[in-house]
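Written below as C-alpha cells is the structure these notes are about.
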Amino acid sequence: LKQLSKQSNLTLKSIQRHAPTSNKVDGVEYVQADVFKTETYSDKVKDADVVIHSMGVLLDSVVLKNAKPGDAGSYEKVNFESAKILADTLVSLGKKQRKFIYMSANHSPPFIPRYLATKLQAEEYVDGLSNLKLLAIRPGVIVDRTERVVTAPLGLMADVAHFMNTTTVFKSLKKIKYVGDFAENFQVDKSINRDDVAKAIAYLTVCDDADDIKVFKHNEIIETSQRYDAQLKKSS
C-alpha cells in the first residue's frame with residue numbers, strides 16, 4: 001500500500017478482518033470485512049481493476065492446534081478457500097477483466113507439503129477463470145529488518161539452506177533413495193526484502209508490460225521491483 005500510494009491516479013482499498021489502529025497509509029480506504037462472507041465486501045470490489053490476495057498463514061491450525069484440514073485457520077481454508085471465494089465473488093460481479101495478484105509460494109515449510117499444495121491449488125483455480133488474469137507471486141522468506149526484525153535471522157537461515165541446496169554434496173545425497181525424499185523437505189529459495197516484493201506487486205498493478213509472465217519467483221520479483229523503481233524515477 002505504501003508503494004501504491006505513490007501513484008496519484010489510484011483508488012486504494014484495503015479489506016481486512018480487523019480494522020488497523022496504526023500504520024495506516026494516507027489515501028487508503030480501510031474496510032473491515034470477512035473474505036468468507038462476500039456480502040461484507042462485494043460492493044467494495046465490484047469496480048476494482050486489480051485485486052491483491054495477500055492472506056496467508058505459515059503454520060496453520062492443523063499444525064498448531066491439531067485441527068482437521070479444512071477447519072478454520074487451516075491451509076485449505078486460508079490459502080485456497082479464501083482465494084476461491086474472492087475469485088468467485090469477482091466473477092459474479094460481471095464480465096469485467098481484472099488482474100488477480102496472488103501471494104503464493106515456491107516451497108513448503110519442512111514436512112508440511114499441504115502449505116504449497118493449497119497455494120498451487122488456489123493458483124490453478126483462479127487461472128481457470130476466464131475474466132481473471134492470474135499473477136502469482138512466489139517469494140522465499142520475506143525479510144523486513146525495520147518493522148519485523150525477527151525475519152532477519154529467518155532470512156539468514158534460508159540463505160544458508162539455499163546455498164547448501166546448491167552444493168555438489170547435497171545434490172549427490174538427493175540422488176539416494178529415501179535420503180533424497182527426506183532432503184526434498186528442505187528445498188528453500190533465497191530470502192527477499194519485503195520492499196522488493198511490494199514494489200513488484202505495485203508494478204504489476206499499474207503496468208501491463210509484464211503480464212506475459214504468470215508466475216514470479218525470486219529473480220522475476222527482483223527484476224519487476226527494479227522496473228518499478230525506474231518507473232517512479234521516470235515519472236518524478
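Following the order of the C-alpha cells, chains are lettered A, B, ..., residues in each are numbered from 1, and ligands are numbered from 1.
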Closest contacts (region 121-203 of chain A/region 89-93 of chain A, max 10 Å, only C-alpha atoms) as a Markdown table:
```
| residue | atom | partner | partner_atom | distance |
| --- | --- | --- | --- | --- |
| A:Leu129 | CA | A:Val91 | CA | 7.8 |
| A:Ser130 | CA | A:Val91 | CA | 8.8 |
| A:Asn131 | CA | A:Val91 | CA | 7.0 |
| A:Leu132 | CA | A:Val91 | CA | 7.8 |
```
Let's have the selection written as an mmCIF file, in the first residue's frame, with N, CA, C and O atoms.
```cif
data_model
loop_
_atom_site.group_PDB
_atom_site.id
_atom_site.type_symbol
_atom_site.label_atom_id
_atom_site.label_comp_id
_atom_site.auth_asym_id
_atom_site.auth_seq_id
_atom_site.Cartn_x
_atom_site.Cartn_y
_atom_site.Cartn_z
ATOM 1 N N LEU A 129 -10.372 -19.200 -14.449
ATOM 2 C CA LEU A 129 -11.498 -18.277 -14.597
ATOM 3 C C LEU A 129 -11.183 -17.278 -15.704
ATOM 4 O O LEU A 129 -10.173 -16.580 -15.655
ATOM 5 N N SER A 130 -12.049 -17.207 -16.689
ATOM 6 C CA SER A 130 -11.739 -16.501 -17.933
ATOM 7 C C SER A 130 -11.546 -15.003 -17.779
ATOM 8 O O SER A 130 -10.770 -14.396 -18.513
ATOM 9 N N ASN A 131 -12.251 -14.361 -16.851
ATOM 10 C CA ASN A 131 -12.129 -12.904 -16.765
ATOM 11 C C ASN A 131 -11.187 -12.440 -15.657
ATOM 12 O O ASN A 131 -11.169 -11.264 -15.297
ATOM 13 N N LEU A 132 -10.375 -13.376 -15.113
ATOM 14 C CA LEU A 132 -9.354 -13.000 -14.138
ATOM 15 C C LEU A 132 -7.981 -13.337 -14.704
ATOM 16 O O LEU A 132 -7.757 -14.448 -15.182
#
```
> Hey, which of A:Asn193, A:Thr118, A:Thr167, A:Asn9 ends up closest to Val149 (chain A)? Count only C-alpha atoms.
Replying inline: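 The shortest atom-to-atom distance to Val149 (chain A) comes from A:Asn193.
For the residues A:Thr224, A:Asn219, A:Thr40, A:Thr146, ranking by smallest atom-to-atom distance to Cys207 (chain A) using only C-alpha atoms places A:Thr224 first.
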> Which parts of region 97-223 of chain A does DSSP call helix (DSSP H, G or I) when run on the backbone here, written out as a VMD selection string?
Replying inline: chain A and resid 113 to 127 151 to 165 168 to 174 179 to 186 194 to 206 218 to 223
> Tell me, which residues of region 2-220 of chain A carry DSSP strand (DSSP E or B), written as a PyMOL selection string?
Replying inline: chain A and resi 12-16+28-32+50-53+98-103+132-137+142-144+148+192-193+215-216
>> Which residue is closest to Ser82 (chain A)? Choose from A:Ala122, A:Ala19, A:Ala105, A:Val50 and count only C-alpha atoms.
In response: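 Of A:Ala122, A:Ala19, A:Ala105, A:Val50, the one nearest Ser82 (chain A), counting only C-alpha atoms, is A:Ala122.
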> For Val62 (chain A), which residue out of A:Leu134, A:Leu86, A:Leu10, A:Val78 is the nearest one, using only C-alpha atoms?
Replying inline: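 Smallest distance to Val62 (chain A) is found for A:Val78.
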>> Residues within 8 Å of Ile15 (chain A), please, as a ChimeraX atom specification. Count only C-alpha atoms; anything in the same chain fewer than 6 positions from it doesn't count.
In response: /A:30-33,41
> Of the candidates A:Asp26, A:Lys77, A:Lys6, A:Thr38, which shows the shortest atom-to-atom distance to Lys233 (chain A), using only C-alpha atoms?
Replying inline: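 Checking each candidate against Lys233 (chain A), we get A:Lys6 as the closest.
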> What is the distance, in Å and to one decimal place, between CA of Gly56 (chain A) and CA of Asp195 (chain A)?
Replying inline: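 So the two atoms, CA of Gly56 (chain A) and CA of Asp195 (chain A), lie 18.3 Å apart.
Using only C-alpha atoms, the smallest distance between any of A:Val51, A:Leu4, A:Val179, A:Val188 and Ile101 (chain A) comes from A:Val51.
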>> I'd like the neighbourhood of Met103 (chain A) as a VMD selection string, where a residue qualifies if any of its atoms comes within 9 Å (using only C-alpha atoms), though same-chain residues fewer than 5 positions away should be ignored.
In response: chain A and resid 52 to 56 119 135 to 139
Could you dump the residues just selected with N, CA, C and O atoms as a JSON list (two decimals), in the first residue's frame?
```json
[["chain", "number", "residue", "atom", "x", "y", "z"],
["A", 52, "ILE", "N", -5.58, -7.82, -4.98],
["A", 52, "ILE", "CA", -4.38, -8.47, -4.44],
["A", 52, "ILE", "C", -4.79, -9.33, -3.25],
["A", 52, "ILE", "O", -5.32, -8.82, -2.26],
["A", 53, "HIS", "N", -4.55, -10.63, -3.35],
["A", 53, "HIS", "CA", -4.86, -11.55, -2.26],
["A", 53, "HIS", "C", -3.55, -11.84, -1.50],
["A", 53, "HIS", "O", -2.67, -12.51, -2.01],
["A", 54, "SER", "N", -3.43, -11.29, -0.31],
["A", 54, "SER", "CA", -2.21, -11.48, 0.48],
["A", 54, "SER", "C", -2.46, -12.22, 1.79],
["A", 54, "SER", "O", -1.61, -12.27, 2.67],
["A", 55, "MET", "N", -3.65, -12.79, 1.92],
["A", 55, "MET", "CA", -4.00, -13.55, 3.12],
["A", 55, "MET", "C", -3.22, -14.86, 3.15],
["A", 55, "MET", "O", -3.04, -15.51, 2.12],
["A", 56, "GLY", "N", -2.72, -15.24, 4.30],
["A", 56, "GLY", "CA", -1.98, -16.48, 4.40],
["A", 56, "GLY", "C", -1.51, -16.76, 5.82],
["A", 56, "GLY", "O", -1.59, -15.89, 6.69],
["A", 119, "LYS", "N", -1.58, -23.59, -1.90],
["A", 119, "LYS", "CA", -1.24, -22.38, -2.66],
["A", 119, "LYS", "C", -1.38, -22.66, -4.16],
["A", 119, "LYS", "O", -1.98, -21.86, -4.91],
["A", 135, "LEU", "N", -1.72, -13.47, -11.61],
["A", 135, "LEU", "CA", -0.30, -13.15, -11.47],
["A", 135, "LEU", "C", 0.12, -13.70, -10.11],
["A", 135, "LEU", "O", -0.28, -13.17, -9.07],
["A", 136, "ALA", "N", 0.88, -14.78, -10.11],
["A", 136, "ALA", "CA", 1.25, -15.47, -8.88],
["A", 136, "ALA", "C", 2.64, -15.02, -8.42],
["A", 136, "ALA", "O", 3.61, -15.13, -9.16],
["A", 137, "ILE", "N", 2.72, -14.56, -7.19],
["A", 137, "ILE", "CA", 3.99, -14.12, -6.60],
["A", 137, "ILE", "C", 4.49, -15.24, -5.70],
["A", 137, "ILE", "O", 3.81, -15.63, -4.75],
["A", 138, "ARG", "N", 5.68, -15.77, -6.01],
["A", 138, "ARG", "CA", 6.22, -16.90, -5.24],
["A", 138, "ARG", "C", 7.57, -16.54, -4.62],
["A", 138, "ARG", "O", 8.62, -16.97, -5.08],
["A", 139, "PRO", "N", 7.56, -15.76, -3.56],
["A", 139, "PRO", "CA", 8.81, -15.37, -2.92],
["A", 139, "PRO", "C", 9.33, -16.45, -1.97],
["A", 139, "PRO", "O", 8.62, -17.38, -1.62]]
```
> Near region 234-236 of chain A, counting only C-alpha atoms, which residues have an atom at most 12 Å away, once you skip same-chain residues fewer than 5 positions from it, shown as a PyMOL selection string?
Replying inline: chain A and resi 6-8+227-229
>> Show me, as a list in words, the residues that have an atom within 10 Å of Asp189 (chain A) when counting only C-alpha atoms, minus same-chain residues fewer than 6 positions from it.
In response: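 The residues satisfying every condition are Ala105, Asn106, His107, Arg138, Pro139, Gly140, Val141, Gly155, Ala158, Asp159, Val160, Ala161, His162, Phe163, Asn165, Lys217 and His218 of chain A.
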> So which residues touch Val25 (chain A) within 9 Å, counting only C-alpha atoms, skipping near sequence neighbours fewer than 5 positions away, as a list in words?
Replying inline: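 My reading of the contact set: Leu1, Lys2 and Ser5 of chain A.
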Selection file, N, CA and C atoms, as a tab-separated table (two decimals), in the first residue's frame:
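Result file follows (part.tsv):
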```tsv
chain	number	residue	atom	x	y	z
A	1	LEU	N	0.82	-1.20	0.00
A	1	LEU	CA	0.00	0.00	0.00
A	1	LEU	C	0.87	1.26	0.00
A	2	LYS	N	1.97	1.23	0.73
A	2	LYS	CA	2.86	2.39	0.75
A	2	LYS	C	3.41	2.66	-0.64
A	5	SER	N	0.56	3.94	-2.90
A	5	SER	CA	0.12	5.29	-2.55
A	5	SER	C	0.96	6.37	-3.23
```
